[in-house]
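Enquirer: Let me begin by handing over the structure; questions about it come next.
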There are 2 protein chains.
Amino acid sequence: MGEIKRVKPRTLSGFMELLPKEQIEFNRMKGIIEHHYERAGFIPLDTPIIEASEILLAKAGGETEKQIYRFLKGDTDLSMRFDHTVPLAKYVALHQGELTFPYKRYAIGKVYRGERPQKGRFREFYQADIDIIGDGKLDIINDAEMPSIIYGIFKELDFGPFTIRINNRKVLSGFFEELGLQDKITDILRVIDKIDKIGVDAVKEELVNFEVSNSDVEKIINFISIKGSQEEVIKGLENLGIQNELFNVGVKELGEVSKYIEAFGVPKDYYEIDLTIARGLDYYTGTVYETILNDYKSLGSVCSGGRYDNLAEYYTNKQLPGVGISIGLTRLFYQLNEAGVIKGKESTPLKALVVPMDVELDMPIKTVATLRENGISSSIVFDKKGMKPNLNYANKEGIPYVIIIGETELNEGKVMLKDMTNSTQELLTIEEVVNKLK
Amino acid sequence: MGEIKRVKPRTLSGFMELLPKEQIEFNRMKGIIEHHYERAGFIPLDTPIIEASEILLAKAGGETEKQIYRFLKGDTDLSMRFDHTVPLAKYVALHQGELTFPYKRYAIGKVYRGERPQKGRFREFYQADIDIIGDGKLDIINDAEMPSIIYGIFKELDFGPFTIRINNRKVLSGFFEELGLQDKITDILRVIDKIDKIGVDAVKEELVNFEVSNSDVEKIINFISIKGSQEEVIKGLENLGIQNELFNVGVKELGEVSKYIEAFGVPKDYYEIDLTIARGLDYYTGTVYETILNDYKSLGSVCSGGRYDNLAEYYTNKQLPGVGISIGLTRLFYQLNEAGVIKGKESTPLKALVVPMDVELDMPIKTVATLRENGISSSIVFDKKGMKPNLNYANKEGIPYVIIIGETELNEGKVMLKDMTNSTQELLTIEEVVNKLK
């Protein structure tokens with residue numbers, strides 16, 4: 001085929017590509033999330049990565065629209081999904097007659113945003129979402145279920161203690177209505193949302209900049225300073241004596257939700273009401289969630305979500321309220337890997353490496369086939385010759401057992417099982433090996 | 001927010017989007033494939049869906065180039081992967097110093113080809129690949145391993161009997177060299193590749209059109225008619241008395257590979273040497289594989305692959321021979337679903353539905369939390385009130401157990417477990433339920 005013109009291999013910046021051990025660990029994390037989503041009765045949904053632009057951009061605007069991967073293929077105006085929520089809205093609107101409600105689905109897959117390349121920012125990244133969608137209405141108690149799923153996942157992921165923070169947007173909105181600050185809610189909430197990053201004094205200053213009176217600033221600070229157990233916070237909110245209806249509905253919702261979180265299995269240490277969190281500014285309408293890893297607070301929220309009134313208003317006039325959470329898996333993995341928290345608990349799923357020592361291959365091959373039939377992940381080596389390179393290989397890859405088959409073993413109808421963790425070895429039948437490794 | 005301008009929800013043609021029960025079955029199939037790949041010691045690799053166009057198109061040309069999804073984002077010329085092989089080649093070339101060889105990886109993910117929309121053709125589809133890549137060389141016995149993985153997967157997928165067909169491109173090429181037809185190999189192989197579809201006579205006719213002499217046509221037909229057990233086919237090839245070196249290397253390889261397939265656990269009924277299969281015309285250089293579902297022959301090959309001499313010649317001067325197979329999962333699922341073979345063995349992963357009957361929710365919630373902690377996938381209902389709508393729901397979704405908790409049950413500290421398959425019910429403690437459903 002003549003001279004080949006070579007291209008320098010590279011991977012685009014903002015696109016994560018992992019080495020084998022990292023990939024195994026990434027997949028282990030993904031598997032844990034999936035397992036917990038399924039265990040809680042969520043059904044998988046895998047929507048296309050590409051949709052018609054008019055679908056994905058029905059609502060959009062602002063940053064999203066600028067960041068979207070959008071292009072023409074032939075005459076068709078296409079875009080790549082930038083989250084799982086818009087495709088879910090389309091899906092539910094399109095298939096509403098074929099779904100049973102409440103519809104509980106999970107989606108774990110790649111989404112795309114053309115952000116400015118920056119350390120720890122990705123243009124292709126996994127989001128792992130669950131949502132419960134109601135037909136017309138959705139009982140508030142569903143909101144109490146989400147923290148238990150967050151708890152199960154992060155407990156098993158094992159990155160140390162964490163705190164699930166809960167709030168209710170109606171409480172926030174009602175409170176600001178009461179102060180007559182309803183026109184400034186968006187700005188105020190944006191400032192409050194930053195309190196963890198910038199501190200109380202900077203928040204006060206910014207609020208004054210929005211022409212909030214000093215006395216209102218004090219009321220706001222008092223309000224967001226209400227802390228304690230969920231019972232204490234609810235009591236504190238009730239004691240404010242606010243008559244605003246939205247506020248009171250919010251306090252009631254927050255009370256009901258926080259009341260049942262523990263019944264769902266979340267220990268008290270792992271969740272709290274935090275009146276400063278607001279999340280997305282024009283999307284959530286009730287309960288909101290954030291999750292903080294206590295030892296890695298600088299990561300920000302690693303699992304967030306909330307309640308919304310109407311999922312698919314851009315595609316259908318059917319009222320579809322919902323509640324959901326989302327984990328930005330790619331970013332989470334990257335940050336924890338950088339922090340050295342991901343240690344590669346299992347550096348390989350391989351349990352055993354079969355090494356034939358210059359013998360007829362029939363028996364070694366049957367050995368690896370038997371291991372696999374018994375569910376033991378194993379490889380057989382044909383390319384590396386001799387003991388030493390293969391033991392080195394097993395060591396480097398972290399394969400716990402090497403099964404050596406030489407003339408002696410073959411004559412006895414047995415194999416030599418070498419335990420790489422302590423370098424002991426014993427002569428066993430294949431059945432004995434299977435029983436030991438199973 | 002004023003009047004909302006609604007967009008009619010739709011999914012692009014050529015993009016598969018499944019209803020819940022189908023998605024569950026699709027994921028079950030995907031899970032089986034992944035399980036078998038991992039059990040055989042393959043490590044996951046998840047490359048980006050988007051690459052620089054110069055990378056993906058380093059080799060391309062022809063159909064691939066026309067079908068590719070390619071676009072500009074800012075100044076960057078981007079393309080979406082159209083298979084897993086080119087990204088693998090780039091990955092191995094880029095990370096060769098960090099990988100251990102033989103490098104065994106699996107990739108299960110979406111790839112993109114802008115084919116003309118047509119029933120059963122997809123523009124976004126899952127490919128599920130494995131490859132073993134050697135550093136400089138790769139022992140031929142590795143080729144004997146692939147059929148055992150195909151066998152394990154399709155046995156468990158359970159779509160009836162199937163046949164793994166094996167051939168060797170060197171046998172084909174050497175044979176045609178011997179006839180002095182080396183310049184026409186590509187055309188002749190393309191014709192032979194169609195023999196299953198168009199029959200022997202049409203093949204003869206097409207060969208004559210390529211100005212193959214009648215006596216050569218007869219030799220070709222005799223050659224591809226050699227059939228029987230692998231020993232018989234090898235003997236038949238040897239008996240042709242061909243002195244061509246490539247041919248003889250090919251026969252030796254084919255003999256070695258077919259000799260060890262059975263040791264790897266594939267029963268003789270499930271594989272055969274078929275001298276008519278050639279697969280991709282300029283890619284494979286040795287062993288080639290096809291897999292036919294005996295009861296659904298019209299589907300064509302459902303798992304194919306082969307041996308290649310040099311994976312990454314467009315990115316590195318390092319010689320990287322390999323052998324691999326690929327399953328086109330999206331197409332396979334679609335076709336089998338159309339054929340009614342996919343029955344939804346498990347229509348839901350949900351094992352139990354907890355139904356509180358107008359009681360305080362604490363105990364019902366603790367029940368579902370306990371089930372989940374014990375690995376039993378379960379949901380609790382807050383939105384549907386009363387017995388009947390919930391039993392209907394469980395029936396429709398195929399949930400095998402409903403757990404009813406009313407006042408009576410609450411007073412006894414027990415729950416009513418209803419077996420939906422036979423409509424019996426019994427009053428049990430939560431522990432008893434866990435033991436029963438586990």
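Just so we're on the same page: first chain in the structure tokens is A, next is B, and so on; residues restart at 1 for each chain, and ligands are numbered from 1 in the order they show up.
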Where does DSSP see alpha helix (DSSP H) in segment 190-293 of chain A, if you list the residues as number ranges by chain?

Expert: A: 190-193, 195-198, 200-209, 214-224, 230-239, 245-261

Enquirer: For chain B versus chain A, which residues have an atom no more than 7 Å away, and what is each residue's nearest atom pair and distance in Å rounded to one decimal, using only C-alpha atoms, chain-then-number order, as CSV?

Expert:
residue,atom,partner,partner_atom,distance
B:Ile4,CA,A:Tyr314,CA,6.6
B:Lys5,CA,A:Tyr314,CA,6.7
B:Arg6,CA,A:Tyr314,CA,4.7
B:Val7,CA,A:Tyr315,CA,5.2
B:Lys8,CA,A:Tyr315,CA,5.8
B:Pro9,CA,A:Lys90,CA,5.5
B:Arg10,CA,A:Leu94,CA,6.6
B:Thr11,CA,A:Glu51,CA,6.7
B:Leu12,CA,A:Glu51,CA,6.3
B:Phe15,CA,A:Pro48,CA,6.2
B:Met16,CA,A:Pro48,CA,6.9
B:Glu17,CA,A:Thr47,CA,5.7
B:Pro20,CA,A:Ile43,CA,6.7
B:Gln23,CA,A:Leu45,CA,6.5
B:Ile24,CA,A:Pro44,CA,6.5
B:Glu38,CA,A:Ser377,CA,6.5
B:Arg39,CA,A:Ser377,CA,3.9
B:Ala40,CA,A:Ser378,CA,5.6
B:Gly41,CA,A:Ser379,CA,5.2
B:Ile43,CA,A:Pro20,CA,6.7
B:Pro44,CA,A:Gln23,CA,6.5
B:Leu45,CA,A:Gln23,CA,6.5
B:Asp46,CA,A:Glu17,CA,6.9
B:Thr47,CA,A:Glu17,CA,5.7
B:Pro48,CA,A:Phe15,CA,6.2
B:Glu51,CA,A:Leu12,CA,6.3
B:Ala52,CA,A:Leu12,CA,6.7
B:Ile55,CA,A:Val7,CA,6.7
B:Ala58,CA,A:Val7,CA,6.6
B:Tyr69,CA,A:Lys73,CA,7.0
B:Phe71,CA,A:Phe71,CA,6.1
B:Lys73,CA,A:Tyr69,CA,7.0
B:Lys90,CA,A:Pro9,CA,5.5
B:Ala93,CA,A:Pro9,CA,6.6
B:Leu94,CA,A:Pro9,CA,5.5
B:Leu138,CA,A:Asp383,CA,6.4
B:Asp139,CA,A:Asp383,CA,5.7
B:Ile141,CA,A:Phe382,CA,6.9
B:Tyr260,CA,A:Asp362,CA,6.9
B:Ala263,CA,A:Lys366,CA,5.2
B:Phe264,CA,A:Ala369,CA,5.4
B:Gly265,CA,A:Ala369,CA,6.0
B:Tyr314,CA,A:Arg6,CA,4.7
B:Tyr315,CA,A:Val7,CA,5.2
B:Thr316,CA,A:Arg6,CA,7.0
B:Leu350,CA,A:Gly41,CA,5.7
B:Asp362,CA,A:Ala263,CA,5.9
B:Ile365,CA,A:Phe264,CA,5.7
B:Lys366,CA,A:Ala263,CA,5.2
B:Ala369,CA,A:Phe264,CA,5.3
B:Arg372,CA,A:Arg39,CA,6.0
B:Gly375,CA,A:Arg39,CA,6.6
B:Ile376,CA,A:Arg39,CA,6.4
B:Ser377,CA,A:Arg39,CA,3.9
B:Ser378,CA,A:Gly41,CA,5.2
B:Ser379,CA,A:Gly41,CA,5.2
B:Phe382,CA,A:Asp139,CA,6.1
B:Asp383,CA,A:Asp139,CA,5.7

Enquirer: Within 12 Å of Val203 of chain A, counting only C-alpha atoms, which residues qualify if same-chain residues fewer than 2 places away don't, as a list in words?

Expert: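 Skipping anything fewer than 2 positions along the chain leaves Asp187, Ile188, Leu189, Arg190, Val191, Ile192, Asp193, Lys194, Ile195, Asp196, Lys197, Ile198, Gly199, Val200, Asp201, Glu205, Glu206, Leu207, Val208, Asn209, Phe210, Val212, Val217, Glu218, Ile220, Ile221, Ile224 and Thr276 of chain A.
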
Enquirer: Output the selection as a tab-separated table (two decimals), in the first residue's frame - C-alpha atoms for each residue.

Expert:
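Output contents, as saved in selection.tsv:
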chain	number	residue	atom	x	y	z
A	187	ASP	CA	-30.25	38.02	42.43
A	188	ILE	CA	-30.54	37.43	46.15
A	189	LEU	CA	-30.65	33.66	45.78
A	190	ARG	CA	-27.58	33.80	43.55
A	191	VAL	CA	-25.72	35.70	46.25
A	192	ILE	CA	-26.91	33.36	49.02
A	193	ASP	CA	-25.90	30.37	46.93
A	194	LYS	CA	-22.31	31.63	47.17
A	195	ILE	CA	-22.20	31.97	50.96
A	196	ASP	CA	-20.05	28.86	51.39
A	197	LYS	CA	-17.51	30.25	48.97
A	198	ILE	CA	-17.42	33.96	49.83
A	199	GLY	CA	-18.57	34.14	53.48
A	200	VAL	CA	-21.28	36.08	55.36
A	201	ASP	CA	-19.72	39.54	55.13
A	205	GLU	CA	-22.09	43.57	50.97
A	206	GLU	CA	-23.45	42.15	47.75
A	207	LEU	CA	-27.01	42.28	49.10
A	208	VAL	CA	-26.60	45.94	49.92
A	209	ASN	CA	-25.43	46.44	46.35
A	210	PHE	CA	-28.80	45.10	45.22
A	212	VAL	CA	-31.59	45.61	50.02
A	217	VAL	CA	-30.10	42.22	55.16
A	218	GLU	CA	-30.13	41.44	58.88
A	220	ILE	CA	-31.95	37.58	55.62
A	221	ILE	CA	-28.81	36.72	57.57
A	224	ILE	CA	-30.20	31.67	56.73
A	276	THR	CA	-28.61	28.74	52.12

Enquirer: Report the distance between atom CA of Asp358 of chain A and atom CA of Thr408 of chain A in Å, rounded to one decimal place.

Expert: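 So the answer is 11.3 Å.
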
Enquirer: Go through segment 266-336 of chain B and collect every residue that DSSP, computed from the backbone, puts in strand (DSSP E or B); the answer should be as a PyMOL selection string.

Expert: chain B and resi 271-273+287-293+304-308+322-328

Enquirer: Grab the residues selected above and save them as a PDB file, in the first residue's frame with N, CA and C atoms.

Expert:
ATOM      1  N   TYR B 271     -19.201 -24.913  15.864  1.00  0.00           N
ATOM      2  CA  TYR B 271     -18.245 -24.207  14.999  1.00  0.00           C
ATOM      3  C   TYR B 271     -17.860 -25.074  13.807  1.00  0.00           C
ATOM      4  N   GLU B 272     -17.425 -24.408  12.754  1.00  0.00           N
ATOM      5  CA  GLU B 272     -16.998 -25.125  11.555  1.00  0.00           C
ATOM      6  C   GLU B 272     -16.051 -24.249  10.752  1.00  0.00           C
ATOM      7  N   ILE B 273     -15.205 -24.888   9.960  1.00  0.00           N
ATOM      8  CA  ILE B 273     -14.398 -24.127   9.010  1.00  0.00           C
ATOM      9  C   ILE B 273     -15.269 -23.903   7.777  1.00  0.00           C
ATOM     10  N   THR B 287      -6.852 -15.379  10.458  1.00  0.00           N
ATOM     11  CA  THR B 287      -8.129 -15.937  10.902  1.00  0.00           C
ATOM     12  C   THR B 287      -9.272 -14.925  10.720  1.00  0.00           C
ATOM     13  N   VAL B 288     -10.417 -15.407  10.245  1.00  0.00           N
ATOM     14  CA  VAL B 288     -11.632 -14.580  10.248  1.00  0.00           C
ATOM     15  C   VAL B 288     -12.781 -15.390  10.849  1.00  0.00           C
ATOM     16  N   TYR B 289     -13.705 -14.668  11.491  1.00  0.00           N
ATOM     17  CA  TYR B 289     -14.842 -15.297  12.162  1.00  0.00           C
ATOM     18  C   TYR B 289     -16.160 -14.685  11.688  1.00  0.00           C
ATOM     19  N   GLU B 290     -17.180 -15.528  11.666  1.00  0.00           N
ATOM     20  CA  GLU B 290     -18.562 -15.082  11.520  1.00  0.00           C
ATOM     21  C   GLU B 290     -19.404 -15.932  12.452  1.00  0.00           C
ATOM     22  N   THR B 291     -20.561 -15.413  12.847  1.00  0.00           N
ATOM     23  CA  THR B 291     -21.454 -16.198  13.690  1.00  0.00           C
ATOM     24  C   THR B 291     -22.865 -16.109  13.123  1.00  0.00           C
ATOM     25  N   ILE B 292     -23.459 -17.257  12.884  1.00  0.00           N
ATOM     26  CA  ILE B 292     -24.800 -17.321  12.300  1.00  0.00           C
ATOM     27  C   ILE B 292     -25.759 -17.938  13.312  1.00  0.00           C
ATOM     28  N   LEU B 293     -26.902 -17.277  13.533  1.00  0.00           N
ATOM     29  CA  LEU B 293     -27.955 -17.898  14.342  1.00  0.00           C
ATOM     30  C   LEU B 293     -28.706 -18.858  13.420  1.00  0.00           C
ATOM     31  N   SER B 304     -18.627 -10.961  14.366  1.00  0.00           N
ATOM     32  CA  SER B 304     -17.595 -11.189  13.364  1.00  0.00           C
ATOM     33  C   SER B 304     -16.276 -10.600  13.840  1.00  0.00           C
ATOM     34  N   GLY B 305     -15.219 -11.002  13.140  1.00  0.00           N
ATOM     35  CA  GLY B 305     -13.924 -10.437  13.497  1.00  0.00           C
ATOM     36  C   GLY B 305     -12.805 -11.168  12.806  1.00  0.00           C
ATOM     37  N   GLY B 306     -11.619 -10.996  13.340  1.00  0.00           N
ATOM     38  CA  GLY B 306     -10.487 -11.665  12.734  1.00  0.00           C
ATOM     39  C   GLY B 306      -9.157 -11.145  13.234  1.00  0.00           C
ATOM     40  N   ARG B 307      -8.127 -11.632  12.566  1.00  0.00           N
ATOM     41  CA  ARG B 307      -6.733 -11.325  12.878  1.00  0.00           C
ATOM     42  C   ARG B 307      -6.219 -10.259  11.913  1.00  0.00           C
ATOM     43  N   TYR B 308      -5.498  -9.291  12.437  1.00  0.00           N
ATOM     44  CA  TYR B 308      -4.888  -8.266  11.581  1.00  0.00           C
ATOM     45  C   TYR B 308      -3.425  -8.121  11.952  1.00  0.00           C
ATOM     46  N   GLY B 322      -3.014  -7.995  16.033  1.00  0.00           N
ATOM     47  CA  GLY B 322      -4.115  -8.221  16.962  1.00  0.00           C
ATOM     48  C   GLY B 322      -5.154  -9.162  16.404  1.00  0.00           C
ATOM     49  N   VAL B 323      -6.046  -9.566  17.300  1.00  0.00           N
ATOM     50  CA  VAL B 323      -7.195 -10.367  16.886  1.00  0.00           C
ATOM     51  C   VAL B 323      -8.389  -9.896  17.702  1.00  0.00           C
ATOM     52  N   GLY B 324      -9.545  -9.798  17.055  1.00  0.00           N
ATOM     53  CA  GLY B 324     -10.703  -9.263  17.768  1.00  0.00           C
ATOM     54  C   GLY B 324     -12.016  -9.693  17.162  1.00  0.00           C
ATOM     55  N   ILE B 325     -13.078  -9.478  17.919  1.00  0.00           N
ATOM     56  CA  ILE B 325     -14.430  -9.714  17.434  1.00  0.00           C
ATOM     57  C   ILE B 325     -15.325  -8.548  17.843  1.00  0.00           C
ATOM     58  N   SER B 326     -16.463  -8.445  17.180  1.00  0.00           N
ATOM     59  CA  SER B 326     -17.363  -7.329  17.427  1.00  0.00           C
ATOM     60  C   SER B 326     -18.816  -7.784  17.280  1.00  0.00           C
ATOM     61  N   ILE B 327     -19.639  -7.315  18.199  1.00  0.00           N
ATOM     62  CA  ILE B 327     -21.075  -7.597  18.121  1.00  0.00           C
ATOM     63  C   ILE B 327     -21.811  -6.283  17.892  1.00  0.00           C
ATOM     64  N   GLY B 328     -22.622  -6.227  16.842  1.00  0.00           N
ATOM     65  CA  GLY B 328     -23.430  -5.036  16.574  1.00  0.00           C
ATOM     66  C   GLY B 328     -24.724  -5.140  17.361  1.00  0.00           C
TER      67      GLY B 328
END

Enquirer: To one decimal place, how far is atom CA of Gln127 of chain B from atom CA of Val111 of chain B in Å?

Expert: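 Those two atoms sit 6.8 Å apart.
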